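**Q** Handing over upload.cif, mmCIF, C-alpha atoms and all ligand atoms.
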data_my_file
#
loop_
_atom_site.label_atom_id
_atom_site.label_comp_id
_atom_site.auth_asym_id
_atom_site.auth_seq_id
_atom_site.Cartn_x
_atom_site.Cartn_y
_atom_site.Cartn_z
CA MET X 28 8.61 20.01 20.96
CA ALA X 29 7.46 16.40 21.51
CA VAL X 30 10.23 14.23 20.05
CA LEU X 31 10.19 10.45 19.64
CA ILE X 32 13.61 8.95 20.31
CA ALA X 33 13.84 5.60 18.57
CA GLY X 34 16.61 3.73 20.35
CA GLY X 35 16.48 6.14 23.28
CA ALA X 36 17.72 3.51 25.73
CA GLY X 37 20.99 3.06 23.86
CA TYR X 38 24.27 4.89 24.33
CA ILE X 39 23.70 7.88 22.04
CA GLY X 40 19.90 7.84 22.32
CA SER X 41 19.91 8.03 26.12
CA ASN X 42 22.30 10.98 26.08
CA MET X 43 20.12 12.68 23.48
CA THR X 44 16.97 12.07 25.51
CA PHE X 45 18.53 13.69 28.55
CA MET X 46 19.72 16.70 26.60
CA LEU X 47 16.34 17.20 24.91
CA ALA X 48 14.56 17.17 28.27
CA GLN X 49 17.14 19.56 29.69
CA SER X 50 16.54 22.01 26.87
CA GLY X 51 12.77 22.10 27.32
CA HIS X 52 11.66 19.49 24.77
CA GLU X 53 9.41 16.53 25.57
CA PRO X 54 11.24 13.36 24.58
CA VAL X 55 9.43 10.02 24.40
CA VAL X 56 11.65 6.96 24.24
CA TYR X 57 10.75 4.08 21.90
CA ASP X 58 13.08 1.11 22.31
CA ASN X 59 12.78 -2.68 22.18
CA LEU X 60 15.62 -3.05 24.75
CA SER X 61 17.40 -5.56 22.53
CA LYS X 62 20.57 -3.53 23.01
CA GLY X 63 19.55 -0.59 25.17
CA HIS X 64 19.20 -0.26 28.93
CA ARG X 65 16.02 0.69 30.77
CA GLN X 66 18.18 2.18 33.51
CA ALA X 67 19.62 4.72 31.06
CA VAL X 68 16.16 6.26 30.51
CA LYS X 69 15.27 8.65 33.28
CA ASP X 70 11.94 10.35 34.01
CA VAL X 71 10.50 10.46 30.50
CA PRO X 72 7.74 8.38 28.88
CA PHE X 73 9.05 5.01 27.73
CA VAL X 74 7.41 2.75 25.15
CA ARG X 75 8.86 -0.73 24.79
CA GLY X 76 8.43 -1.38 21.11
CA ASP X 77 10.05 -2.57 17.95
CA LEU X 78 10.47 -0.54 14.79
CA ALA X 79 9.04 -3.49 12.88
CA ASP X 80 5.72 -2.82 14.66
CA TYR X 81 4.07 -0.30 12.36
CA ASP X 82 0.82 -0.11 14.35
CA LEU X 83 2.60 0.60 17.62
CA ILE X 84 4.70 3.34 16.01
CA VAL X 85 1.58 5.01 14.59
CA GLN X 86 -0.20 4.69 17.94
CA THR X 87 2.79 6.16 19.80
CA LEU X 88 3.19 9.07 17.40
CA ARG X 89 -0.50 9.91 17.86
CA LYS X 90 -0.67 9.35 21.60
CA TYR X 91 2.21 11.70 22.39
CA LYS X 92 1.47 14.19 19.59
CA ILE X 93 4.98 13.72 18.27
CA GLU X 94 6.33 16.49 16.04
CA ALA X 95 9.81 15.15 15.30
CA VAL X 96 11.61 11.80 15.35
CA MET X 97 15.25 11.11 16.12
CA HIS X 98 16.41 7.65 15.13
CA PHE X 99 19.24 5.83 16.94
CA ALA X 100 17.87 2.27 16.80
CA ALA X 101 20.33 0.65 14.42
CA PHE X 102 22.79 -2.21 14.53
CA ILE X 103 26.31 -0.80 14.52
CA GLU X 104 28.85 -3.60 14.17
CA VAL X 105 30.69 -3.42 10.88
CA GLY X 106 32.14 -6.94 11.21
CA GLU X 107 28.79 -8.45 12.16
CA SER X 108 27.18 -6.75 9.18
CA MET X 109 29.53 -8.68 6.88
CA ASP X 110 28.37 -11.96 8.44
CA PHE X 111 24.67 -11.07 8.61
CA PRO X 112 23.82 -8.62 5.81
CA LEU X 113 20.12 -9.56 5.85
CA LYS X 114 19.89 -8.72 9.56
CA TYR X 115 21.48 -5.30 8.93
CA TYR X 116 19.30 -4.40 5.97
CA GLN X 117 16.22 -5.60 7.87
CA ASN X 118 16.78 -3.47 10.93
CA ASN X 119 18.74 -0.54 9.58
CA PHE X 120 16.84 -0.11 6.34
CA CYS X 121 13.48 -1.94 6.39
CA ASN X 122 12.60 -0.86 9.93
CA THR X 123 13.56 2.73 9.17
CA HIS X 124 11.35 2.56 6.08
CA ASN X 125 8.58 1.39 8.41
CA LEU X 126 9.20 4.33 10.73
CA LEU X 127 9.16 6.83 7.85
CA ASN X 128 5.98 5.24 6.55
CA ALA X 129 4.31 5.66 9.96
CA MET X 130 5.52 9.25 10.14
CA GLU X 131 3.98 10.00 6.75
CA GLN X 132 0.73 8.34 7.82
CA VAL X 133 0.48 10.51 10.94
CA GLY X 134 1.92 13.65 9.32
CA VAL X 135 5.14 13.92 11.33
CA ASN X 136 7.64 15.58 9.00
CA LYS X 137 10.84 16.18 10.98
CA PHE X 138 13.47 13.45 11.12
CA VAL X 139 17.00 13.42 12.52
CA PHE X 140 18.89 10.35 11.39
CA SER X 141 22.07 8.81 12.85
CA SER X 142 24.26 8.20 9.87
CA THR X 143 27.92 7.30 9.85
CA ALA X 144 31.35 7.95 8.41
CA ALA X 145 31.07 4.38 7.12
CA VAL X 146 29.08 5.77 4.14
CA TYR X 147 32.42 7.02 2.74
CA GLY X 148 34.04 3.59 2.64
CA MET X 149 37.79 3.96 2.03
CA PRO X 150 38.13 7.72 1.49
CA GLU X 151 40.87 8.92 -0.82
CA VAL X 152 41.12 12.32 0.84
CA VAL X 153 41.04 13.17 4.55
CA PRO X 154 39.67 15.11 6.36
CA ILE X 155 36.47 14.01 4.63
CA THR X 156 33.94 16.54 3.39
CA GLU X 157 30.25 15.73 2.94
CA ASP X 158 30.51 15.73 -0.85
CA ALA X 159 33.26 13.07 -0.92
CA PRO X 160 32.34 9.90 -2.86
CA LYS X 161 30.08 7.59 -0.93
CA ILE X 162 31.16 4.02 -1.59
CA PRO X 163 30.46 2.00 1.56
CA ILE X 164 32.43 -1.22 1.78
CA ASN X 165 30.15 -3.15 4.15
CA PRO X 166 26.41 -3.79 4.67
CA TYR X 167 26.41 -1.50 7.72
CA GLY X 168 27.51 1.54 5.72
CA GLN X 169 25.34 0.54 2.76
CA SER X 170 22.23 0.21 4.92
CA LYS X 171 22.81 3.70 6.35
CA LEU X 172 23.43 5.20 2.93
CA ALA X 173 20.26 3.54 1.61
CA VAL X 174 18.27 5.34 4.34
CA GLU X 175 19.95 8.64 3.50
CA ASN X 176 18.97 8.18 -0.16
CA LEU X 177 15.39 7.31 0.79
CA CYS X 178 15.19 10.43 2.97
CA HIS X 179 16.53 12.52 0.10
CA PHE X 180 13.78 11.39 -2.26
CA GLN X 181 11.09 11.57 0.40
CA SER X 182 12.15 15.15 1.18
CA GLN X 183 11.69 16.02 -2.51
CA THR X 184 7.98 15.18 -2.18
CA GLY X 185 7.61 17.90 0.45
CA LYS X 186 6.58 15.40 3.15
CA LEU X 187 9.85 15.19 5.04
CA ASN X 188 12.43 17.56 6.48
CA TYR X 189 15.44 15.52 7.51
CA ALA X 190 18.97 15.80 8.84
CA ALA X 191 21.47 12.99 8.20
CA LEU X 192 24.27 13.28 10.72
CA ARG X 193 27.36 11.30 9.82
CA TYR X 194 29.09 10.39 13.06
CA PHE X 195 32.75 9.67 13.29
CA ASN X 196 33.80 7.87 16.52
CA ALA X 197 31.27 8.66 19.24
CA CYS X 198 32.74 8.20 22.71
CA GLY X 199 32.92 9.43 26.30
CA ALA X 200 30.15 9.64 28.88
CA GLY X 201 27.61 12.44 29.08
CA GLN X 202 26.01 14.36 31.94
CA ASN X 203 29.12 14.58 34.03
CA GLY X 204 30.07 10.97 33.42
CA THR X 205 26.68 9.50 34.37
CA LEU X 206 25.45 8.30 30.96
CA GLY X 207 28.01 5.99 29.43
CA GLU X 208 28.70 3.37 26.83
CA ASP X 209 27.66 -0.22 27.54
CA HIS X 210 27.55 -2.50 24.51
CA SER X 211 27.36 -6.24 24.70
CA PRO X 212 29.59 -7.56 23.32
CA GLU X 213 31.81 -4.49 23.39
CA SER X 214 33.78 -3.80 20.22
CA HIS X 215 34.66 -0.11 20.52
CA LEU X 216 38.22 0.89 21.21
CA ILE X 217 37.90 3.23 24.20
CA PRO X 218 35.64 1.05 26.39
CA LEU X 219 37.81 -1.97 25.56
CA ILE X 220 41.00 -0.18 26.63
CA ILE X 221 39.27 1.00 29.81
CA GLN X 222 38.24 -2.58 30.58
CA ALA X 223 41.90 -3.59 30.22
CA ALA X 224 42.90 -0.76 32.56
CA MET X 225 40.31 -1.97 35.08
CA GLY X 226 41.70 -5.49 34.91
CA LYS X 227 38.48 -6.78 33.35
CA ARG X 228 40.28 -8.09 30.28
CA GLU X 229 43.79 -9.42 30.06
CA ASP X 230 45.00 -7.07 27.33
CA ILE X 231 44.06 -4.65 24.60
CA LYS X 232 44.80 -5.81 21.09
CA ILE X 233 45.99 -3.34 18.47
CA PHE X 234 44.51 -4.35 15.13
CA GLY X 235 47.43 -3.64 12.81
CA THR X 236 50.67 -1.74 13.32
CA ASP X 237 51.74 -1.47 9.68
CA TYR X 238 49.33 1.20 8.46
CA PRO X 239 50.69 4.22 6.57
CA THR X 240 50.37 6.47 9.63
CA PRO X 241 53.14 7.99 11.81
CA ASP X 242 53.05 5.18 14.41
CA GLY X 243 51.60 2.50 12.12
CA THR X 244 48.22 2.27 13.89
CA CYS X 245 44.85 3.48 12.58
CA ILE X 246 43.77 7.06 13.12
CA ARG X 247 40.19 7.98 14.04
CA ASP X 248 38.30 11.14 14.90
CA TYR X 249 36.89 10.73 18.44
CA ILE X 250 33.92 12.95 19.23
CA HIS X 251 32.41 13.37 22.69
CA ILE X 252 28.84 12.18 23.06
CA GLU X 253 27.59 15.53 24.37
CA ASP X 254 29.07 17.40 21.42
CA LEU X 255 27.39 14.91 19.13
CA CYS X 256 24.02 15.37 20.83
CA LYS X 257 24.37 19.15 20.79
CA ALA X 258 24.60 19.03 17.00
CA HIS X 259 21.28 17.11 16.90
CA LEU X 260 19.56 19.87 18.86
CA LEU X 261 20.87 22.49 16.47
CA ALA X 262 19.87 20.41 13.45
CA LEU X 263 16.38 19.84 14.86
CA ASP X 264 15.94 23.56 15.20
CA LYS X 265 17.06 24.15 11.64
CA LEU X 266 14.53 21.64 10.30
CA ASN X 267 11.83 24.24 10.91
CA ASP X 268 12.86 25.88 7.64
CA LYS X 269 15.20 23.45 5.84
CA THR X 270 14.15 20.26 4.12
CA GLU X 271 17.51 18.55 3.78
CA LEU X 272 20.60 18.74 5.98
CA VAL X 273 23.68 16.52 5.81
CA TYR X 274 26.62 17.01 8.17
CA ASN X 275 29.77 15.27 9.28
CA LEU X 276 30.19 15.29 13.04
CA GLY X 277 33.76 14.98 14.23
CA ASN X 278 36.50 17.08 15.77
CA GLY X 279 38.60 17.14 12.62
CA LYS X 280 41.57 15.89 14.61
CA GLY X 281 42.67 12.29 14.54
CA TYR X 282 44.30 10.12 17.19
CA SER X 283 45.99 6.82 16.54
CA VAL X 284 45.11 3.62 18.40
CA SER X 285 48.45 3.84 20.22
CA GLN X 286 47.77 7.44 21.24
CA VAL X 287 44.36 6.45 22.61
CA ILE X 288 45.95 3.63 24.61
CA ASP X 289 48.58 6.01 26.02
CA THR X 290 45.90 8.53 26.97
CA VAL X 291 43.90 5.88 28.85
CA LYS X 292 47.10 4.90 30.68
CA LYS X 293 47.67 8.54 31.63
CA VAL X 294 44.09 9.24 32.73
CA SER X 295 43.70 5.98 34.68
CA GLY X 296 47.22 5.81 36.09
CA LYS X 297 47.12 2.07 35.24
CA ASP X 298 49.42 -0.01 33.12
CA PHE X 299 48.15 -3.03 31.20
CA LYS X 300 49.18 -5.43 28.49
CA VAL X 301 49.07 -4.25 24.88
CA THR X 302 49.19 -6.94 22.19
CA LYS X 303 49.96 -6.24 18.55
CA THR X 304 47.81 -8.32 16.22
CA GLU X 305 46.76 -8.51 12.60
CA ARG X 306 44.75 -5.81 10.86
CA ARG X 307 40.97 -6.03 11.23
CA PRO X 308 39.46 -6.42 7.74
CA GLY X 309 37.79 -3.29 6.38
CA ASP X 310 39.56 -0.70 8.56
CA PRO X 311 40.60 2.42 6.62
CA PRO X 312 43.99 3.75 7.87
CA VAL X 313 42.69 7.26 8.60
CA LEU X 314 39.16 8.60 9.10
CA THR X 315 38.84 12.23 10.12
CA ALA X 316 36.00 14.64 9.55
CA ASP X 317 35.93 18.00 7.92
CA ALA X 318 33.05 19.37 10.01
CA ALA X 319 33.29 22.96 8.73
CA LYS X 320 29.81 22.71 7.23
CA ALA X 321 28.16 21.93 10.59
CA GLU X 322 30.18 24.69 12.20
CA LYS X 323 29.20 27.23 9.56
CA GLU X 324 25.54 26.33 9.07
CA LEU X 325 24.57 25.12 12.56
CA GLY X 326 27.00 27.20 14.61
CA TRP X 327 28.22 23.89 16.08
CA LYS X 328 31.54 23.79 17.90
CA PRO X 329 32.66 20.87 20.04
CA ASP X 330 33.16 21.68 23.73
CA TYR X 331 35.31 18.57 24.37
CA PRO X 332 37.87 18.42 21.57
CA GLU X 333 40.64 17.07 23.83
CA LEU X 334 40.94 13.31 23.91
CA GLU X 335 42.05 13.40 27.54
CA ARG X 336 38.81 14.99 28.72
CA ILE X 337 36.75 12.60 26.62
CA ILE X 338 38.54 9.65 28.19
CA GLU X 339 38.22 11.13 31.69
CA SER X 340 34.43 11.14 31.30
CA ALA X 341 34.41 7.53 30.05
CA TRP X 342 36.80 6.42 32.81
CA LYS X 343 34.52 7.96 35.42
CA TRP X 344 31.45 6.17 34.09
CA HIS X 345 33.15 2.78 33.86
CA ASN X 346 34.45 3.09 37.40
CA GLN X 347 31.04 3.98 38.73
CA ASN X 348 29.42 1.19 36.70
CA PRO X 349 32.05 -1.57 36.66
CA ASP X 350 29.52 -4.14 35.46
CA GLY X 351 27.69 -1.77 33.13
CA TYR X 352 24.03 -0.91 33.48
CA LYS X 353 21.99 -3.19 35.73
CA ASP X 354 19.01 -3.51 33.40
N1 LIG C 1 40.71 -1.23 17.44
C1 LIG C 1 41.79 -1.93 17.95
N2 LIG C 1 41.54 -2.85 18.92
C2 LIG C 1 40.30 -3.11 19.41
C3 LIG C 1 39.21 -2.37 18.88
C4 LIG C 1 39.46 -1.44 17.90
O1 LIG C 1 42.93 -1.74 17.54
O2 LIG C 1 40.17 -3.99 20.27
C5 LIG C 1 40.96 -0.20 16.42
C6 LIG C 1 40.20 -0.43 15.15
O3 LIG C 1 40.89 -1.29 14.30
C7 LIG C 1 40.07 1.00 14.63
C8 LIG C 1 40.00 1.85 15.90
O4 LIG C 1 40.51 1.02 16.94
O5 LIG C 1 41.22 1.34 13.94
C9 LIG C 1 38.58 2.25 16.28
O6 LIG C 1 37.77 1.10 16.27
P1 LIG C 1 36.26 1.08 16.76
O7 LIG C 1 35.76 -0.31 16.55
O8 LIG C 1 36.16 1.68 18.10
O9 LIG C 1 35.55 2.09 15.78
P2 LIG C 1 35.49 2.12 14.18
O10 LIG C 1 36.32 3.27 13.73
O11 LIG C 1 35.80 0.81 13.58
O12 LIG C 1 33.94 2.31 13.94
C10 LIG C 1 33.23 3.43 14.35
C11 LIG C 1 31.83 3.03 14.77
C12 LIG C 1 31.10 2.43 13.62
C13 LIG C 1 31.13 3.36 12.45
C14 LIG C 1 32.53 3.80 12.15
C15 LIG C 1 32.52 4.85 11.11
O13 LIG C 1 31.90 2.10 15.82
O14 LIG C 1 29.77 2.18 13.99
O15 LIG C 1 33.16 4.32 13.31
O16 LIG C 1 33.79 5.13 10.72
F1 LIG C 1 30.67 2.79 11.34
#
As a first step, turn the structure in this file into structure tokens.
**A**
Amino acid sequence: MAVLIAGGAGYIGSNMTFMLAQSGHEPVVYDNLSKGHRQAVKDVPFVRGDLADYDLIVQTLRKYKIEAVMHFAAFIEVGESMDFPLKYYQNNFCNTHNLLNAMEQVGVNKFVFSSTAAVYGMPEVVPITEDAPKIPINPYGQSKLAVENLCHFQSQTGKLNYAALRYFNACGAGQNGTLGEDHSPESHLIPLIIQAAMGKREDIKIFGTDYPTPDGTCIRDYIHIEDLCKAHLLALDKLNDKTELVYNLGNGKGYSVSQVIDTVKKVSGKDFKVTKTERRPGDPPVLTADAAKAEKELGWKPDYPELERIIESAWKWHNQNPDGYKD
């Protein structure tokens, strides 16, 4: 199937592109390179374009006879979204509306959307199931939920089959540690700890040690990038006969910030400074997924549930790319 990968030069998009090509699909990457890396896109057609550019999207969908779209081209910083809500709604919602509009115009009806655990806000019950209340507490989560709602109504018209995949904490490096995570600035826990282990930053700061968790630090559900991408392939397949799919993607097992730090120390064999600081606003104490629905309906089962293996893959990538991607 010819699949347009919006944001295919980014961390998750580039891993997805590789996996699609590997499994016999024909991915076409569409990315404005505002965050992504040209170097992460290998041997597939690449269109440098913005999702605000309706005409270019339509042209690209036609040119490559696209049958499905996967969309990874969003802004992802929760904190930044609080400071710049307009920016987040513009890119994450308005530009996705533009993309869906172009798809309708051309008659492309399959859509796999990167959603997020942030749609649940501060969940009262963990692990979280898909039918838990959705009360996002920041513009990032709200903008993603707004797209999910739009997709829901568009699917009711019979013009769209979509899957909304709610990621928990995507991490690790795919393809044997060759496709990794390179954000600028970096805000994600695992790459930041690895940078501390590599001596590239003076310490790792723990944001809050007084949470109601066994060691007082926040617990998250870390899911390996390849497992995440595998679920997209399965969902894409299912869109041949289903109009609406919504799944949590996580391992269902949580690790605390302190446990993640200890695991990086073990994998790297390095010691580094750990500084306890204040809580980061908006962090729920525990976020773990109940992913039984994806397991049951898609036959999805993570291959890398152990944190140590996830971190090994990330450690490998960072060591082979100490300054990140070159372009
Ligand atoms: N943390 C630290 N120190 C750091 C960075 C993070 O202690 O330097 C902590 C955070 O407070 C949090 C945990 O590590 O408790 C994980 O933080 P990340 O920033 O790596 O990830 P989040 O859980 O905040 O966010 C991730 C994605 C978001 C998505 C969210 C959904 O990055 O895009 O999951 O739950 F919205």
**Q** Can you check which parts of segment 228-257 of chain X lie within 12 Å of segment 136-157 of chain X? Per residue, the shortest pair of atoms and distance in Å to one decimal, counting all atoms listed in the file, sorted by chain and number, as CSV.
**A**
residue,atom,partner,partner_atom,distance
X:Ile246,CA,X:Val153,CA,10.9
X:Arg247,CA,X:Ala144,CA,10.5
X:Asp248,CA,X:Pro154,CA,9.5
X:Tyr249,CA,X:Ala144,CA,11.8
X:Leu255,CA,X:Ser141,CA,10.2
X:Cys256,CA,X:Ser141,CA,10.5
**Q** Kindly indicate which residue among X:Lys161, X:Arg193, X:Lys328, X:His210 lies nearest to Asp350 of chain X, using only C-alpha atoms for the distances.
**A** X:His210
**Q** List all protein, DNA and RNA residues that have any atom at most 6 Å from ligand LIG 1 (chain C), counting all atoms listed in the file, and write the list as a compact mmCIF listing (two decimals) with C-alpha atoms, keeping the file's coordinate frame.
**A**
# COMPACT_ATOMS: atom_id res chain seq x y z
CA ILE X 103 26.31 -0.80 14.52
CA GLU X 104 28.85 -3.60 14.17
CA THR X 143 27.92 7.30 9.85
CA ALA X 144 31.35 7.95 8.41
CA ALA X 145 31.07 4.38 7.12
CA PHE X 195 32.75 9.67 13.29
CA ASN X 196 33.80 7.87 16.52
CA SER X 214 33.78 -3.80 20.22
CA HIS X 215 34.66 -0.11 20.52
CA LEU X 216 38.22 0.89 21.21
CA ILE X 231 44.06 -4.65 24.60
CA LYS X 232 44.80 -5.81 21.09
CA ILE X 233 45.99 -3.34 18.47
CA PHE X 234 44.51 -4.35 15.13
CA CYS X 245 44.85 3.48 12.58
CA VAL X 284 45.11 3.62 18.40
CA ARG X 307 40.97 -6.03 11.23
CA ASP X 310 39.56 -0.70 8.56
**Q** Under the rule that all atoms listed in the file are counted, which of X:Asn278, X:Asn119, X:Asn267, X:Thr244 is the nearest residue to Gln169 of chain X?
**A**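 Between X:Asn278, X:Asn119, X:Asn267, X:Thr244, the residue approaching Gln169 of chain X most closely is X:Asn119.
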**Q** Fewer than 3 positions away in the same chain doesn't count, so skip those; otherwise give me all residues within 8 Å of segment 88-99 of chain X, counting all atoms listed in the file, as a PyMOL selection string.
**A** chain X and resi 28-35+37+39-40+55+84-85+130+133+135-141
**Q** For a quick check of understanding, using all atoms listed in the file, which of X:Val68, X:Ile337, X:Ala319, X:Leu127 has the smallest distance to Asn203 of chain X?
**A**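 Selected residue with least distance to Asn203 of chain X: X:Ile337.
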**Q** From the set X:Lys186, X:Tyr282, X:Ser211, X:Thr302, which residue has the shortest atom-to-atom contact distance to Ser61 of chain X, counting only C-alpha atoms?
**A**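 Closest to Ser61 of chain X, using only C-alpha atoms: X:Ser211.
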